[in-house]
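What follows is start.csv (CSV, C-alpha atoms and all ligand atoms).
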chain,number,residue,atom,x,y,z
A,975,MET,CA,-36.2,124.9,-243.3
A,976,ALA,CA,-34.9,123.0,-240.3
A,977,ALA,CA,-34.6,119.2,-240.7
A,978,ASN,CA,-37.0,118.7,-237.9
A,979,GLY,CA,-39.9,120.4,-239.7
A,980,ASP,CA,-39.9,123.5,-237.5
A,981,GLN,CA,-40.5,126.9,-238.9
A,982,GLN,CA,-37.5,128.6,-240.6
A,983,SER,CA,-34.6,128.7,-238.2
A,984,THR,CA,-31.7,131.1,-237.9
A,985,THR,CA,-28.0,130.9,-238.0
A,986,LYS,CA,-27.7,133.9,-235.6
A,987,ARG,CA,-26.3,132.8,-232.3
A,988,PRO,CA,-28.4,133.6,-229.2
A,989,PRO,CA,-27.2,136.4,-227.0
A,990,ALA,CA,-24.7,135.4,-224.3
A,991,PRO,CA,-26.1,134.7,-220.9
A,992,SER,CA,-25.1,136.8,-217.9
A,993,PRO,CA,-21.3,136.7,-217.1
A,994,LEU,CA,-22.3,135.4,-213.7
A,995,ARG,CA,-22.8,132.1,-215.4
A,996,ASN,CA,-19.0,131.8,-215.7
A,997,SER,CA,-18.1,133.1,-212.3
A,998,LYS,CA,-16.6,130.6,-209.8
A,999,PHE,CA,-19.3,131.6,-207.3
A,1000,TYR,CA,-22.1,130.8,-209.8
A,1001,GLN,CA,-24.9,128.8,-208.3
A,1002,SER,CA,-26.0,125.9,-210.5
A,1003,ASN,CA,-29.7,126.7,-209.9
A,1004,MET,CA,-31.8,127.4,-213.0
A,1005,ARG,CA,-33.8,130.6,-212.5
A,1006,ILE,CA,-37.1,130.4,-214.2
A,1007,LEU,CA,-39.7,133.1,-214.6
A,1008,VAL,CA,-43.4,132.2,-215.0
A,1009,THR,CA,-45.6,135.0,-216.1
A,1010,GLY,CA,-49.2,134.3,-215.2
A,1011,GLY,CA,-47.9,131.8,-212.7
A,1012,ALA,CA,-50.8,132.5,-210.3
A,1013,GLY,CA,-53.3,131.3,-212.9
A,1014,PHE,CA,-54.8,127.9,-213.6
A,1015,ILE,CA,-52.2,126.4,-215.9
A,1016,GLY,CA,-49.4,128.6,-214.5
A,1017,SER,CA,-49.7,127.4,-210.9
A,1018,HIS,CA,-49.7,123.7,-211.9
A,1019,LEU,CA,-46.5,124.5,-214.0
A,1020,VAL,CA,-45.0,126.2,-210.9
A,1021,ASP,CA,-45.7,123.0,-208.8
A,1022,ARG,CA,-43.9,120.9,-211.4
A,1023,LEU,CA,-40.9,123.3,-211.7
A,1024,MET,CA,-40.6,123.5,-207.9
A,1025,GLU,CA,-40.3,119.7,-207.6
A,1026,ASN,CA,-36.8,120.1,-209.0
A,1027,GLU,CA,-34.5,121.3,-206.2
A,1028,LYS,CA,-32.2,122.9,-208.8
A,1029,ASN,CA,-34.9,125.3,-209.9
A,1030,GLU,CA,-35.6,128.8,-208.5
A,1031,VAL,CA,-39.0,130.0,-209.6
A,1032,ILE,CA,-40.1,133.7,-210.0
A,1033,VAL,CA,-43.8,134.2,-210.6
A,1034,VAL,CA,-45.2,137.5,-211.9
A,1035,ASP,CA,-49.0,138.0,-212.0
A,1036,ASN,CA,-51.3,141.0,-211.9
A,1037,TYR,CA,-54.1,138.8,-210.3
A,1038,PHE,CA,-56.7,139.8,-212.9
A,1039,THR,CA,-57.7,136.1,-213.2
A,1040,GLY,CA,-54.9,134.5,-211.2
A,1041,SER,CA,-54.9,134.1,-207.4
A,1042,LYS,CA,-52.3,133.9,-204.7
A,1043,ASP,CA,-54.3,131.1,-203.3
A,1044,ASN,CA,-53.1,128.8,-206.1
A,1045,LEU,CA,-49.5,129.3,-204.9
A,1046,ARG,CA,-50.1,129.3,-201.2
A,1047,LYS,CA,-47.9,126.2,-200.6
A,1048,TRP,CA,-44.9,128.0,-202.1
A,1049,ILE,CA,-45.2,131.4,-200.5
A,1050,GLY,CA,-42.2,131.8,-198.1
A,1051,HIS,CA,-40.2,129.0,-199.8
A,1052,ALA,CA,-36.5,129.8,-200.2
A,1053,ARG,CA,-36.5,129.0,-204.0
A,1054,PHE,CA,-39.8,130.8,-204.7
A,1055,GLU,CA,-40.6,134.5,-205.3
A,1056,LEU,CA,-43.9,136.1,-206.1
A,1057,ILE,CA,-44.1,139.6,-207.7
A,1058,ARG,CA,-47.3,141.5,-208.4
A,1059,HIS,CA,-46.6,142.9,-211.8
A,1060,ASP,CA,-48.4,143.6,-215.1
A,1061,VAL,CA,-46.5,142.3,-218.1
A,1062,THR,CA,-47.6,145.3,-220.2
A,1063,GLU,CA,-44.9,147.2,-218.2
A,1064,PRO,CA,-41.2,146.2,-218.6
A,1065,LEU,CA,-39.6,143.9,-216.1
A,1066,LEU,CA,-35.9,143.5,-215.1
A,1067,VAL,CA,-35.0,140.2,-213.5
A,1068,GLU,CA,-32.0,137.9,-214.1
A,1069,VAL,CA,-33.4,134.5,-215.3
A,1070,ASP,CA,-32.4,131.6,-217.6
A,1071,GLN,CA,-35.8,130.6,-218.8
A,1072,ILE,CA,-39.2,132.4,-219.3
A,1073,TYR,CA,-42.5,130.6,-219.5
A,1074,HIS,CA,-44.7,133.4,-220.8
A,1075,LEU,CA,-48.3,132.5,-220.0
A,1076,ALA,CA,-49.8,135.8,-218.8
A,1077,CYS,CA,-53.1,136.6,-220.4
A,1078,PRO,CA,-56.8,136.0,-219.5
A,1079,ALA,CA,-57.8,132.8,-221.3
A,1080,SER,CA,-61.5,132.5,-220.7
A,1081,PRO,CA,-63.6,134.2,-223.5
A,1082,ILE,CA,-65.7,136.1,-221.0
A,1083,PHE,CA,-62.6,137.5,-219.3
A,1084,TYR,CA,-60.6,138.3,-222.4
A,1085,LYS,CA,-63.6,140.0,-224.0
A,1086,HIS,CA,-64.2,142.0,-220.8
A,1087,ASN,CA,-61.5,144.6,-221.6
A,1088,PRO,CA,-60.4,143.8,-225.1
A,1089,VAL,CA,-57.9,146.7,-225.4
A,1090,LYS,CA,-56.2,145.4,-222.3
A,1091,THR,CA,-56.2,141.9,-223.7
A,1092,ILE,CA,-54.5,142.8,-226.9
A,1093,LYS,CA,-52.0,145.0,-225.0
A,1094,THR,CA,-51.2,142.1,-222.8
A,1095,ASN,CA,-50.5,139.9,-225.8
A,1096,VAL,CA,-48.5,142.4,-227.8
A,1097,MET,CA,-46.8,144.7,-225.3
A,1098,GLY,CA,-46.5,141.8,-222.8
A,1099,THR,CA,-44.8,139.6,-225.3
A,1100,LEU,CA,-42.5,142.4,-226.5
A,1101,ASN,CA,-41.5,143.1,-222.9
A,1102,MET,CA,-40.7,139.5,-222.2
A,1103,LEU,CA,-38.8,139.1,-225.5
A,1104,GLY,CA,-36.8,142.3,-224.5
A,1105,LEU,CA,-36.0,140.7,-221.2
A,1106,ALA,CA,-35.0,137.4,-222.9
A,1107,LYS,CA,-32.7,139.3,-225.2
A,1108,ARG,CA,-31.1,141.3,-222.4
A,1109,VAL,CA,-30.3,138.3,-220.2
A,1110,GLY,CA,-29.9,135.6,-222.9
A,1111,ALA,CA,-32.9,133.6,-221.6
A,1112,ARG,CA,-34.9,131.0,-223.5
A,1113,ILE,CA,-38.5,132.0,-223.8
A,1114,LEU,CA,-41.7,129.8,-224.3
A,1115,LEU,CA,-44.9,131.4,-225.3
A,1116,THR,CA,-48.2,129.8,-224.6
A,1117,SER,CA,-50.1,130.5,-227.8
A,1118,THR,CA,-53.5,129.0,-228.4
A,1119,SER,CA,-55.6,126.8,-230.7
A,1120,GLU,CA,-57.6,130.0,-231.2
A,1121,VAL,CA,-55.0,131.1,-233.8
A,1122,TYR,CA,-56.9,128.6,-236.1
A,1123,GLY,CA,-60.1,130.7,-235.6
A,1124,ASP,CA,-63.1,128.8,-237.0
A,1125,PRO,CA,-61.0,126.2,-238.7
A,1126,LEU,CA,-61.8,124.9,-242.2
A,1127,VAL,CA,-59.2,122.1,-241.8
A,1128,HIS,CA,-59.9,119.3,-239.3
A,1129,PRO,CA,-58.1,118.2,-237.2
A,1130,GLN,CA,-55.7,121.2,-237.1
A,1131,PRO,CA,-52.0,120.7,-237.9
A,1132,GLU,CA,-49.5,123.5,-237.1
A,1133,SER,CA,-49.1,124.1,-240.8
A,1134,TYR,CA,-52.7,125.4,-241.1
A,1135,TRP,CA,-52.8,129.2,-241.2
A,1136,GLY,CA,-56.3,129.5,-239.7
A,1137,ASN,CA,-59.6,131.2,-240.4
A,1138,VAL,CA,-59.7,134.2,-238.1
A,1139,ASN,CA,-62.1,137.2,-238.1
A,1140,PRO,CA,-59.6,140.1,-237.7
A,1141,ILE,CA,-62.3,142.6,-236.5
A,1142,GLY,CA,-64.5,140.3,-234.4
A,1143,VAL,CA,-65.0,140.2,-230.6
A,1144,ARG,CA,-62.5,137.4,-230.2
A,1145,SER,CA,-59.8,139.1,-232.2
A,1146,CYS,CA,-58.2,140.8,-229.1
A,1147,TYR,CA,-57.2,137.3,-228.1
A,1148,ASP,CA,-56.8,135.2,-231.3
A,1149,GLU,CA,-55.1,138.0,-233.3
A,1150,GLY,CA,-53.2,139.1,-230.2
A,1151,LYS,CA,-51.7,135.6,-229.9
A,1152,ARG,CA,-51.0,135.6,-233.6
A,1153,VAL,CA,-49.0,138.8,-233.3
A,1154,ALA,CA,-47.3,137.4,-230.2
A,1155,GLU,CA,-46.2,134.4,-232.4
A,1156,THR,CA,-44.9,136.8,-235.0
A,1157,LEU,CA,-42.9,138.7,-232.5
A,1158,MET,CA,-41.4,135.5,-231.2
A,1159,PHE,CA,-40.2,134.5,-234.6
A,1160,ASP,CA,-39.0,138.0,-235.5
A,1161,TYR,CA,-36.9,138.2,-232.3
A,1162,HIS,CA,-35.6,134.7,-233.1
A,1163,ARG,CA,-34.6,135.5,-236.7
A,1164,GLN,CA,-33.4,139.0,-236.0
A,1165,HIS,CA,-31.7,138.7,-232.6
A,1166,GLY,CA,-31.1,134.9,-232.2
A,1167,ILE,CA,-33.4,134.6,-229.2
A,1168,GLU,CA,-34.1,130.9,-228.3
A,1169,ILE,CA,-37.9,130.6,-228.6
A,1170,ARG,CA,-40.5,127.9,-228.0
A,1171,ILE,CA,-44.2,128.2,-229.0
A,1172,ALA,CA,-46.9,126.0,-227.7
A,1173,ARG,CA,-50.4,126.1,-229.2
A,1174,ILE,CA,-52.6,125.1,-226.3
A,1175,PHE,CA,-56.0,123.5,-226.9
A,1176,ASN,CA,-58.8,123.5,-224.3
A,1177,THR,CA,-57.5,122.5,-220.9
A,1178,TYR,CA,-59.3,121.7,-217.7
A,1179,GLY,CA,-58.6,120.6,-214.2
A,1180,PRO,CA,-58.5,121.6,-210.5
A,1181,ARG,CA,-58.0,125.3,-209.7
A,1182,MET,CA,-60.0,126.6,-212.7
A,1183,ASN,CA,-61.9,129.6,-211.4
A,1184,ILE,CA,-65.4,128.4,-210.3
A,1185,ASP,CA,-67.0,131.2,-212.3
A,1186,ASP,CA,-64.3,131.1,-215.0
A,1187,GLY,CA,-67.0,131.0,-217.7
A,1188,ARG,CA,-65.4,128.2,-219.8
A,1189,VAL,CA,-67.5,125.2,-220.5
A,1190,VAL,CA,-66.0,122.5,-218.3
A,1191,SER,CA,-65.9,124.6,-215.2
A,1192,ASN,CA,-69.4,126.0,-215.9
A,1193,PHE,CA,-70.9,122.5,-216.3
A,1194,ILE,CA,-69.2,121.1,-213.2
A,1195,ALA,CA,-70.2,124.1,-211.1
A,1196,GLN,CA,-73.8,123.9,-212.4
A,1197,ALA,CA,-74.1,120.1,-211.8
A,1198,LEU,CA,-72.9,120.6,-208.2
A,1199,ARG,CA,-75.3,123.5,-207.6
A,1200,ASP,CA,-78.2,121.6,-209.2
A,1201,GLU,CA,-78.6,124.3,-211.9
A,1202,PRO,CA,-79.3,123.4,-215.5
A,1203,LEU,CA,-76.2,122.8,-217.7
A,1204,THR,CA,-76.1,125.7,-220.2
A,1205,VAL,CA,-75.3,124.3,-223.6
A,1206,GLN,CA,-74.7,127.1,-226.0
A,1207,ALA,CA,-76.5,126.6,-229.4
A,1208,PRO,CA,-76.3,124.5,-231.4
A,1209,GLY,CA,-74.5,122.1,-229.0
A,1210,THR,CA,-73.0,120.2,-232.0
A,1211,GLN,CA,-69.8,122.4,-231.9
A,1212,THR,CA,-66.8,120.3,-230.8
A,1213,ARG,CA,-63.8,120.8,-228.5
A,1214,SER,CA,-61.0,118.5,-227.4
A,1215,PHE,CA,-60.2,118.7,-223.7
A,1216,CYS,CA,-56.7,118.2,-222.2
A,1217,TYR,CA,-56.1,117.5,-218.5
A,1218,VAL,CA,-53.9,120.0,-216.9
A,1219,SER,CA,-51.1,117.6,-215.8
A,1220,ASP,CA,-50.7,116.4,-219.4
A,1221,MET,CA,-50.6,120.0,-220.5
A,1222,VAL,CA,-47.8,120.9,-218.1
A,1223,ASP,CA,-45.8,117.9,-219.1
A,1224,GLY,CA,-46.0,119.0,-222.8
A,1225,LEU,CA,-44.9,122.5,-221.9
A,1226,VAL,CA,-41.9,121.4,-220.0
A,1227,ARG,CA,-40.9,118.9,-222.7
A,1228,LEU,CA,-41.1,121.7,-225.3
A,1229,MET,CA,-39.0,124.1,-223.2
A,1230,GLU,CA,-36.4,121.5,-222.6
A,1231,GLY,CA,-36.3,120.1,-226.1
A,1232,GLU,CA,-34.6,121.4,-229.3
A,1233,HIS,CA,-37.6,122.5,-231.3
A,1234,THR,CA,-39.0,126.0,-231.7
A,1235,GLY,CA,-42.5,124.9,-232.6
A,1236,PRO,CA,-45.1,126.0,-233.0
A,1237,ILE,CA,-46.3,122.7,-231.6
A,1238,ASN,CA,-49.9,121.8,-230.7
A,1239,ILE,CA,-50.4,120.6,-227.1
A,1240,GLY,CA,-53.8,119.2,-226.6
A,1241,ASN,CA,-55.9,116.0,-226.3
A,1242,PRO,CA,-57.3,114.8,-229.6
A,1243,GLY,CA,-60.4,113.2,-227.8
A,1244,GLU,CA,-63.2,115.3,-229.4
A,1245,PHE,CA,-66.7,115.9,-228.0
A,1246,THR,CA,-69.7,117.9,-228.9
A,1247,MET,CA,-70.9,120.2,-226.1
A,1248,LEU,CA,-74.0,118.1,-225.8
A,1249,GLU,CA,-71.9,115.0,-225.3
A,1250,LEU,CA,-69.9,116.9,-222.7
A,1251,ALA,CA,-73.1,117.9,-220.9
A,1252,GLU,CA,-74.3,114.3,-221.0
A,1253,THR,CA,-71.0,113.0,-219.6
A,1254,VAL,CA,-71.0,115.6,-216.7
A,1255,LYS,CA,-74.6,114.7,-216.0
A,1256,GLU,CA,-73.9,111.0,-215.9
A,1257,LEU,CA,-70.7,111.3,-213.7
A,1258,ILE,CA,-71.7,114.1,-211.3
A,1259,ASN,CA,-75.5,114.7,-211.1
A,1260,PRO,CA,-77.9,112.4,-213.1
A,1261,ASN,CA,-80.9,114.5,-212.0
A,1262,VAL,CA,-79.6,117.8,-213.5
A,1263,LYS,CA,-81.3,119.4,-216.5
A,1264,ILE,CA,-79.6,120.4,-219.7
A,1265,SER,CA,-80.8,123.7,-221.2
A,1266,MET,CA,-80.0,125.2,-224.6
A,1267,VAL,CA,-78.9,128.9,-224.5
A,1268,GLU,CA,-77.8,131.5,-227.0
A,1269,ASN,CA,-74.2,131.3,-228.2
A,1270,THR,CA,-71.7,134.2,-228.6
A,1271,PRO,CA,-70.4,135.5,-232.0
A,1272,ASP,CA,-67.7,133.7,-233.9
A,1273,ASP,CA,-67.7,130.6,-231.8
A,1274,PRO,CA,-65.5,128.0,-233.6
A,1275,ARG,CA,-67.6,125.1,-234.8
A,1276,GLN,CA,-65.0,122.4,-234.4
A,1277,ARG,CA,-61.6,122.0,-232.8
A,1278,LYS,CA,-59.2,119.0,-232.5
A,1279,PRO,CA,-55.4,119.0,-232.4
A,1280,ASP,CA,-53.3,117.1,-234.8
A,1281,ILE,CA,-50.5,116.1,-232.3
A,1282,THR,CA,-48.2,114.2,-234.8
A,1283,LYS,CA,-45.5,116.8,-234.2
A,1284,ALA,CA,-45.7,116.7,-230.4
A,1285,LYS,CA,-45.5,112.9,-230.5
A,1286,GLU,CA,-42.5,112.8,-232.9
A,1287,LEU,CA,-40.5,115.8,-231.7
A,1288,LEU,CA,-41.3,115.8,-227.9
A,1289,GLY,CA,-42.2,112.1,-227.3
A,1290,TRP,CA,-45.4,113.6,-225.8
A,1291,GLU,CA,-49.0,112.5,-225.8
A,1292,PRO,CA,-51.8,113.0,-223.3
A,1293,LYS,CA,-52.4,110.2,-220.8
A,1294,ILE,CA,-55.7,111.2,-219.0
A,1295,LYS,CA,-59.0,110.7,-220.8
A,1296,LEU,CA,-61.9,113.1,-220.1
A,1297,ARG,CA,-63.8,110.6,-218.0
A,1298,GLU,CA,-60.7,110.1,-215.8
A,1299,GLY,CA,-59.9,113.8,-215.5
A,1300,LEU,CA,-63.5,115.1,-214.7
A,1301,PRO,CA,-63.7,113.4,-211.2
A,1302,PHE,CA,-60.4,115.1,-210.1
A,1303,MET,CA,-61.9,118.4,-211.0
A,1304,GLU,CA,-65.3,117.5,-209.4
A,1305,GLU,CA,-63.4,116.8,-206.2
A,1306,ASP,CA,-61.7,120.2,-206.2
A,1307,PHE,CA,-64.9,122.0,-207.0
A,1308,ARG,CA,-66.8,120.1,-204.3
A,1309,GLN,CA,-64.2,121.3,-201.7
A,1310,ARG,CA,-64.3,124.9,-202.8
A,1311,LEU,CA,-68.1,125.0,-203.2
A,1312,GLY,CA,-68.6,123.1,-199.9
A,1313,VAL,CA,-70.8,120.4,-201.6
A,1314,PRO,CA,-70.0,117.0,-200.1
A,1315,LYS,CA,-70.4,113.8,-202.1
A,1316,LYS,CA,-73.6,111.9,-201.5
A,1317,HIS,CA,-73.0,108.2,-200.7
B,1,LIG,O1,-71.6,127.4,-220.4
B,1,LIG,C1,-71.1,127.2,-221.5
B,1,LIG,C2,-69.8,127.8,-221.9
B,1,LIG,C3,-69.4,127.4,-223.2
B,1,LIG,N1,-70.1,126.6,-224.0
B,1,LIG,C4,-69.5,126.2,-225.3
B,1,LIG,O2,-68.4,125.5,-225.1
B,1,LIG,C5,-67.4,125.7,-226.1
B,1,LIG,C6,-66.1,126.0,-225.5
B,1,LIG,O3,-66.1,127.2,-224.9
B,1,LIG,P1,-65.1,127.7,-223.9
B,1,LIG,O4,-65.5,129.1,-223.4
B,1,LIG,O5,-64.8,126.7,-222.8
B,1,LIG,O6,-63.7,127.9,-224.7
B,1,LIG,P2,-63.3,128.2,-226.2
B,1,LIG,O7,-63.0,126.9,-226.8
B,1,LIG,O8,-64.4,129.0,-226.8
B,1,LIG,O9,-62.1,129.1,-226.0
B,1,LIG,C7,-60.9,128.6,-225.4
B,1,LIG,O10,-60.1,128.1,-226.4
B,1,LIG,C8,-58.8,127.6,-226.1
B,1,LIG,C9,-58.0,128.5,-225.1
B,1,LIG,O11,-56.9,129.1,-225.7
B,1,LIG,C10,-58.8,129.4,-224.3
B,1,LIG,O12,-58.9,128.9,-223.0
B,1,LIG,C11,-60.2,129.7,-224.7
B,1,LIG,O13,-60.1,130.9,-225.5
B,1,LIG,C12,-68.0,126.8,-227.0
B,1,LIG,O14,-68.5,126.2,-228.2
B,1,LIG,C13,-69.1,127.4,-226.2
B,1,LIG,O15,-70.1,127.9,-227.0
B,1,LIG,C14,-71.3,126.1,-223.6
B,1,LIG,O16,-71.9,125.3,-224.3
B,1,LIG,N2,-71.7,126.4,-222.4
For this file, write the structure as structure tokens.
Ligand SMILES: O=c1ccn([C@@H]2O[C@H](COP(=O)(O)OP(=O)(O)O[C@H]3OC[C@@H](O)[C@H](O)[C@H]3O)[C@@H](O)[C@H]2O)c(=O)[nH]1
Amino acid sequence: MAANGDQQSTTKRPPAPSPLRNSKFYQSNMRILVTGGAGFIGSHLVDRLMENEKNEVIVVDNYFTGSKDNLRKWIGHARFELIRHDVTEPLLVEVDQIYHLACPASPIFYKHNPVKTIKTNVMGTLNMLGLAKRVGARILLTSTSEVYGDPLVHPQPESYWGNVNPIGVRSCYDEGKRVAETLMFDYHRQHGIEIRIARIFNTYGPRMNIDDGRVVSNFIAQALRDEPLTVQAPGTQTRSFCYVSDMVDGLVRLMEGEHTGPINIGNPGEFTMLELAETVKELINPNVKISMVENTPDDPRQRKPDITKAKELLGWEPKIKLREGLPFMEEDFRQRLGVPKKH
């Protein structure tokens, strides 16, 4: 066991990077691949990486849930490249780091074509690990709090193995991500690949799809359209919501640090869905109604990250509270829906 409390580490050396790295004509730029880079978290990560003039960023996305619009300010930039590509097919590019985010993340989207979702998680991660092995790149996987399933331990530390239904309608995603984590560690132990695993908890912010289906985007869109906020029964289930800039900061620290993870990245501020609805109502539309609707199978009853490891190993903790982050998202949704603020 590594002294830092990470999962078992290996003595095998990582594969050598491209010989170009030693050439006298070698450019000092870091080439970074972001899979799913046209998506919600991916595009914010790209913004952050592009701030550093030493970085060249390559995005691959199949645009199932991502959109070129999220990257419009970078299209045509000399250090940026956008490739339409599905990670279930192999990809050959010369890069130093891979942020592997590609996968639909909203339950209604990942359940839409479950076979494709599990292929994305398993074959997509295999393809990216194969690429990392070939070019000697470091690879970060965005895994998920859903690996804890309907957790029986609360809050969830990384050492908790979870309570997942292996044959349920959410399994394409949660079991898919669990296999992706397994593949990451097997490539690390067997081939010496440098890996990083983040377990992302619920995240919100500007650029979420308006009709994404997740709870924060649903409530904000409903409040702005004067439609009832649809709380799924019983409404006492909890989630902990992390603002997207905090999430991106955690991912970059994990990639740049020395720890494989898995490490939880999330905001421990925990809310019931009824509390979230009341907060959205108070901040955005005090006249909106709240209606109770039917829930979906296997919905986790509680979720809150234990972020001790992120604090100690990455020096990371979230800065933005829910009440501070919601207005940024409201502003973005107002612009896209064309609903001006009343004064
Ligand atoms: O309109 C809605 C939508 C959702 N909900 C409830 O809100 C809670 C959160 O649901 P979401 O659809 O936002 O997201 P979930 O927490 O179920 O899954 C998410 O978990 C973490 C990430 O990895 C993924 O982004 C996603 O799978 C659930 O209890 C759901 O029942 C509502 O009450 N109303």
Would you mind listing, for every residue of chain A within 8 Å of ligand LIG 1 (chain B), the two atoms forming the shortest contact and the distance between them in Å to one decimal, using only C-alpha atoms and all ligand atoms, sorted by chain and ascending residue number, as a Markdown table?
| residue | atom | partner | partner_atom | distance |
| --- | --- | --- | --- | --- |
| A:Ala1079 | CA | B:LIG1 | O12 | 4.4 |
| A:Ser1080 | CA | B:LIG1 | O12 | 5.0 |
| A:Pro1081 | CA | B:LIG1 | O13 | 5.2 |
| A:Ile1082 | CA | B:LIG1 | O4 | 7.4 |
| A:Ser1117 | CA | B:LIG1 | O11 | 7.3 |
| A:Thr1118 | CA | B:LIG1 | O11 | 4.3 |
| A:Ser1119 | CA | B:LIG1 | O11 | 5.7 |
| A:Glu1120 | CA | B:LIG1 | O11 | 5.6 |
| A:Tyr1147 | CA | B:LIG1 | O13 | 7.5 |
| A:Asp1148 | CA | B:LIG1 | O13 | 7.9 |
| A:Arg1173 | CA | B:LIG1 | O11 | 8.0 |
| A:Ile1174 | CA | B:LIG1 | O11 | 5.9 |
| A:Phe1175 | CA | B:LIG1 | C8 | 5.0 |
| A:Asn1176 | CA | B:LIG1 | C8 | 4.5 |
| A:Thr1177 | CA | B:LIG1 | O12 | 6.9 |
| A:Gly1187 | CA | B:LIG1 | C2 | 6.0 |
| A:Arg1188 | CA | B:LIG1 | O5 | 3.4 |
| A:Val1189 | CA | B:LIG1 | C2 | 3.7 |
| A:Val1190 | CA | B:LIG1 | O5 | 6.3 |
| A:Ser1191 | CA | B:LIG1 | O5 | 8.0 |
| A:Asn1192 | CA | B:LIG1 | O1 | 5.2 |
| A:Phe1193 | CA | B:LIG1 | O1 | 6.4 |
| A:Leu1203 | CA | B:LIG1 | O1 | 7.0 |
| A:Thr1204 | CA | B:LIG1 | O1 | 4.8 |
| A:Val1205 | CA | B:LIG1 | O16 | 3.6 |
| A:Gln1206 | CA | B:LIG1 | O16 | 3.7 |
| A:Ala1207 | CA | B:LIG1 | O15 | 7.0 |
| A:Gly1209 | CA | B:LIG1 | O16 | 6.3 |
| A:Gln1211 | CA | B:LIG1 | O14 | 5.5 |
| A:Thr1212 | CA | B:LIG1 | O14 | 6.7 |
| A:Arg1213 | CA | B:LIG1 | O7 | 6.4 |
| A:Met1247 | CA | B:LIG1 | O16 | 5.5 |
| A:Leu1248 | CA | B:LIG1 | O16 | 7.6 |
| A:Val1267 | CA | B:LIG1 | O16 | 7.9 |
| A:Asn1269 | CA | B:LIG1 | O15 | 5.5 |
| A:Thr1270 | CA | B:LIG1 | O15 | 6.7 |
| A:Asp1273 | CA | B:LIG1 | O14 | 5.7 |
| A:Pro1274 | CA | B:LIG1 | O14 | 6.4 |
| A:Arg1275 | CA | B:LIG1 | O14 | 6.8 |
| A:Arg1277 | CA | B:LIG1 | O7 | 7.9 |
Could you save the residues just selected, with C-alpha atoms, as a tab-separated table (two decimals), keeping the file's coordinate frame?
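Saved result, out_25.tsv, follows:
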chain	number	residue	atom	x	y	z
A	1079	ALA	CA	-57.80	132.80	-221.30
A	1080	SER	CA	-61.50	132.50	-220.70
A	1081	PRO	CA	-63.60	134.20	-223.50
A	1082	ILE	CA	-65.70	136.10	-221.00
A	1117	SER	CA	-50.10	130.50	-227.80
A	1118	THR	CA	-53.50	129.00	-228.40
A	1119	SER	CA	-55.60	126.80	-230.70
A	1120	GLU	CA	-57.60	130.00	-231.20
A	1147	TYR	CA	-57.20	137.30	-228.10
A	1148	ASP	CA	-56.80	135.20	-231.30
A	1173	ARG	CA	-50.40	126.10	-229.20
A	1174	ILE	CA	-52.60	125.10	-226.30
A	1175	PHE	CA	-56.00	123.50	-226.90
A	1176	ASN	CA	-58.80	123.50	-224.30
A	1177	THR	CA	-57.50	122.50	-220.90
A	1187	GLY	CA	-67.00	131.00	-217.70
A	1188	ARG	CA	-65.40	128.20	-219.80
A	1189	VAL	CA	-67.50	125.20	-220.50
A	1190	VAL	CA	-66.00	122.50	-218.30
A	1191	SER	CA	-65.90	124.60	-215.20
A	1192	ASN	CA	-69.40	126.00	-215.90
A	1193	PHE	CA	-70.90	122.50	-216.30
A	1203	LEU	CA	-76.20	122.80	-217.70
A	1204	THR	CA	-76.10	125.70	-220.20
A	1205	VAL	CA	-75.30	124.30	-223.60
A	1206	GLN	CA	-74.70	127.10	-226.00
A	1207	ALA	CA	-76.50	126.60	-229.40
A	1209	GLY	CA	-74.50	122.10	-229.00
A	1211	GLN	CA	-69.80	122.40	-231.90
A	1212	THR	CA	-66.80	120.30	-230.80
A	1213	ARG	CA	-63.80	120.80	-228.50
A	1247	MET	CA	-70.90	120.20	-226.10
A	1248	LEU	CA	-74.00	118.10	-225.80
A	1267	VAL	CA	-78.90	128.90	-224.50
A	1269	ASN	CA	-74.20	131.30	-228.20
A	1270	THR	CA	-71.70	134.20	-228.60
A	1273	ASP	CA	-67.70	130.60	-231.80
A	1274	PRO	CA	-65.50	128.00	-233.60
A	1275	ARG	CA	-67.60	125.10	-234.80
A	1277	ARG	CA	-61.60	122.00	-232.80
Two-atom distance - CA of Asn1003 (chain A), CA of Lys1028 (chain A) (Å): 4.7 Å
Contact check, region 1228-1259 of chain A to region 1125-1140 of chain A, at most 7 Å, counting only C-alpha atoms, closest pairs as CSV:
residue,atom,partner,partner_atom,distance
A:Pro1236,CA,A:Glu1132,CA,6.5
A:Ile1237,CA,A:Glu1132,CA,6.4
A:Asn1238,CA,A:Glu1132,CA,6.6
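Neighbouring residues of Val1033 (chain A) at 6 Å or closer, counting only C-alpha atoms and skipping chain neighbours under 5 positions away, are Leu1007, Val1008, Thr1009, Gly1011 and Leu1056 of chain A.
Put simply, CA of Ile1239 (chain A) is 26.3 Å away from CA of Glu1027 (chain A).
Going from CA of Ile1113 (chain A) over to CA of Tyr1217 (chain A), you cover 23.4 Å.
Considering all atoms listed in the file, the residue among A:Gly1013, A:Gly1123, A:Pro1314, A:Pro988 positioned nearest to Arg1152 (chain A) is A:Gly1123.
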Selection as a list in words: residues within 12 Å of (-41.8, 114.0, -234.3), counting only C-alpha atoms: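 Residues lying no farther than 12 Å from the given point: Ala977, Asn978, Gly979, Asp980, Leu1228, Gly1231, Glu1232, His1233, Gly1235, Ile1237, Asn1238, Asp1280, Ile1281, Thr1282, Lys1283, Ala1284, Lys1285, Glu1286, Leu1287, Leu1288, Gly1289, Trp1290 and Glu1291 of chain A.
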Selected residue, from A:Gly1040, A:Pro1301, A:Gly1240, A:Pro1271, that lies nearest to Met1221 (chain A) when counting all atoms listed in the file: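 Comparing A:Gly1040, A:Pro1301, A:Gly1240, A:Pro1271 against Met1221 (chain A), the winner is A:Gly1240.
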